[in-house]
Protein chains: 2
Amino acid sequence: MNVKQLEYFAAVAEAGSISGAARELHVAQPPISRQLAMLEDELGVTLFLRTNKGVELTEAGRCLYQHSRQMFQSLRAMADSVRDVSAGVRGQLKVGVIYSDVQTATSLLKDYHQKYPQVELYVRMGAPGDLLDDLGRRELHILFLRSQSERSFGLRELVLGEDPLELVMCRETDPAPGQEAVPIQALRDAPLCLLRSDDLWGYSRDLLGECRRAGFTPNVACQCYDTPMEMQMVQAGFGVGFLPRSVVAAHPGSPLYTKPVLGFTTKSYPILVWEEDPYQSGCVKRFLELAGEKKL
Amino acid sequence: MNVKQLEYFAAVAEAGSISGAARELHVAQPPISRQLAMLEDELGVTLFLRTNKGVELTEAGRCLYQHSRQMFQSLRAMADSVRDVSAGVRGQLKVGVIYSDVQTATSLLKDYHQKYPQVELYVRMGAPGDLLDDLGRRELHILFLRSQSERSFGLRELVLGEDPLELVMCRETDPAPGQEAVPIQALRDAPLCLLRSDDLWGYSRDLLGECRRAGFTPNVACQCYDTPMEMQMVQAGFGVGFLPRSVVAAHPGSPLYTKPVLGFTTKSYPILVWEEDPYQSGCVKRFLELAGEKKL
DNA sequence: AATTGCCATATAAAAAAGGTATGGAGGGTT
DNA sequence: AACCCTCCATACCTTTTTTATATGGCAATT
């Protein structure tokens, strides 16, 4: 059974005659007769009653006609669907996001979803190491990370913005109350809650280095495995945290607030990370395009 | 787009390589390469990533693969469906039944439905004239009628059985209480409820002729257009009816009962009537076959 | 009786698909 | 490092399939 045979068949059914269908299809009459006969042969069924002024569908022919209409529609839908997937209009996009990039990610993903509403989005939050593992296993397409994550070979990245690193505190733990910025010396006695320094974020290390340069070793009250936990600890009064400003700014109702460290200008950069791959899926390509535009 | 192209494509997708699919399909490798390229060209889409040890589906390819599996299934289902319709295993059967044939019809249709459960049955009850009109308009395939209906040209019929014509009465109107059969003379004074004599049933006429031969003209209290109405009138005490025995026997709880007219042997024959047509639909053919077997 | 429109068949021409030979590319092996 | 092996793509030729042309039969209409 052939698509062309079905098309001929449907044309004959609609024209009510073989020669009529031939005129409609701009082919000669005998080929249609023959293809029809072959179709009937293959099915072992009479599809038309041949009368002297045309042909008439049998019950089986009517059945085939209905099915073939659906078949044509399915074929069109299939082609469209495939083209959409290829263009990145339809498909799947699996994204990993570290805790501190939630705001950046949700904002960009919102724009993306508005532009490509048919793409199924899968989003997971996690520690950068886990996310990078999943990226390597091709279980994620794109990660939202921070710039100081360690680089693996074959990964590409796109900087999405910049984010000053600031101290996080609440009123009770503020090491420099009333001041806009905190002098580094004010950290001499303030207990700190930092992200684990052997984790992929490097900025805790940077702060410690700054303190050492200022002549003291700070009091690290707690090492946190992830950003939300650090914020919880800071909020509980364990000490002063140190995070990208936007992370804290994203919780407007929170008692926490941030202040820059005087003279400390190192910044954190939210980045996209993905596998180098010349045959990237359409969805990933479109997403990266959009991210590139948004950044400009 | 071609079914063969889809088959090649699916085989390649399953084998993971073009040459593997070629071995599987017992064709050379280049034709498959070529058909695949043509399919990709037509869709404007890359379906496989060519690697050095085979090929790998792209997202679009995966999409096409899923669709094509469904497509193959639909094609098979279509062919099966068409063959079933042609064989009369699936389809529609539209049947008309006169009032007095309800028992015969339901019994035969029950057997038919048991044997061909996938056929959609449409059943309507009506006066023989209306049913014959619908048969002529091809809105019904088969009628259950009685033998004395007038014959139209091009109609065929099959006798399904025989049914003695008997008087219908209740205790109050019994013209020969205590007797097994009613002598014709007992009808001299009994009011009769008969089916319209110019209707297609002729047996009312036969009874009147019998009375005339016995030397009297009976008292026709009421002419009924249909059998159920006649039974209602008889039950209401208007008079004695005259119907095929099975019609009354089908109402076991009824106060009505029948008795033969002494010496009256004309019978009513339930028949099937259908259009003479060499290209009868499969369902009709199977139904008539079954009716023929049952009769034997 | 002749004409017309329809479908089916036979044959020749065109198109499509398949087969063979071959080359380049990337891995693995010696 | 040279070689071989597998895989895919291309070129070219052969076979098959499909189309077009010509023709005949059939039934209905003029």
# chains A, B, ... in the order shown; residues from 1 in each chain; ligands from 1
>>> interface_residues(of="chain C", to="chain B", cutoff="7 Å", atoms="only C-alpha atoms (C1' of nucleotides)", output="ChimeraX atom specification")
/C:18-19,26
>>> interface_residues(of="chain D", to="chain B", cutoff="8 Å", atoms="only C-alpha atoms (C1' of nucleotides)", output="PyMOL selection string")
chain D and resi 6-9
>>> interface_residues(of="chain B", to="chain A", cutoff="9 Å", atoms="only C-alpha atoms", output="ChimeraX atom specification")
/B:1-4,43-47,49,58-64,67-68,71,74-75,78-87,91-92,279-282
>>> write_last_selection(atoms="C-alpha atoms", output="compact mmCIF listing (two decimals), in the first residue's frame")
# COMPACT_ATOMS: atom_id res chain seq x y z
CA MET B 1 6.76 11.34 1.45
CA ASN B 2 6.49 7.65 0.88
CA VAL B 3 5.64 4.65 3.00
CA LYS B 4 8.75 2.93 1.78
CA LEU B 43 11.12 17.53 5.27
CA GLY B 44 13.92 20.06 5.27
CA VAL B 45 15.24 18.42 8.40
CA THR B 46 18.27 16.43 9.53
CA LEU B 47 17.01 13.12 10.85
CA LEU B 49 23.71 12.51 12.83
CA THR B 58 18.33 13.74 16.12
CA GLU B 59 15.42 15.14 18.11
CA ALA B 60 13.49 15.58 14.87
CA GLY B 61 14.38 12.02 13.93
CA ARG B 62 13.07 10.70 17.21
CA CYS B 63 9.88 12.62 16.61
CA LEU B 64 9.52 11.16 13.13
CA HIS B 67 5.05 9.16 14.41
CA SER B 68 6.04 6.64 11.81
CA MET B 71 1.61 5.48 10.97
CA SER B 74 -2.70 2.97 11.34
CA LEU B 75 -2.00 1.57 7.91
CA MET B 78 -6.92 0.58 7.93
CA ALA B 79 -6.31 -2.46 5.77
CA ASP B 80 -7.82 -4.77 8.38
CA SER B 81 -10.80 -2.54 8.79
CA VAL B 82 -11.45 -2.38 5.07
CA ARG B 83 -11.16 -6.13 4.74
CA ASP B 84 -13.52 -6.60 7.66
CA VAL B 85 -16.08 -4.29 6.13
CA SER B 86 -15.77 -6.10 2.84
CA ALA B 87 -16.23 -9.46 4.56
CA GLY B 91 -20.08 -2.16 9.03
CA GLN B 92 -23.72 -1.22 9.25
CA TYR B 279 -22.82 -5.96 -5.21
CA GLN B 280 -24.64 -6.33 -1.94
CA SER B 281 -22.70 -5.09 1.09
CA GLY B 282 -20.84 -7.71 3.09
>>> residues_around(residues="segment 254-256 of chain B", least_positions_apart="2", cutoff="6 Å", atoms="only C-alpha atoms (C1' of nucleotides)", output="PDB file with N, CA and C atoms, in the first residue's frame")
ATOM      1  N   MET B 169     -58.809 -13.025  21.010  1.00  0.00           N
ATOM      2  CA  MET B 169     -59.965 -12.688  21.860  1.00  0.00           C
ATOM      3  C   MET B 169     -59.551 -12.670  23.314  1.00  0.00           C
ATOM      4  N   CYS B 170     -60.439 -12.157  24.128  1.00  0.00           N
ATOM      5  CA  CYS B 170     -60.276 -12.371  25.560  1.00  0.00           C
ATOM      6  C   CYS B 170     -61.529 -13.076  26.052  1.00  0.00           C
ATOM      7  N   HIS B 251     -46.907 -12.377  23.849  1.00  0.00           N
ATOM      8  CA  HIS B 251     -47.284 -11.616  25.057  1.00  0.00           C
ATOM      9  C   HIS B 251     -47.860 -12.575  26.086  1.00  0.00           C
ATOM     10  N   PRO B 252     -47.029 -13.305  26.768  1.00  0.00           N
ATOM     11  CA  PRO B 252     -47.528 -14.380  27.642  1.00  0.00           C
ATOM     12  C   PRO B 252     -48.368 -13.872  28.807  1.00  0.00           C
TER      13      PRO B 252
END
>>> select_by_dssp(residues="segment 108-274 of chain B", states="strand (DSSP E)", output="MDAnalysis selection string")
chainID B and resid 119:125 142:146 155:159 163:169 191:195 219:224 240:244 257:259 267:268 270:274
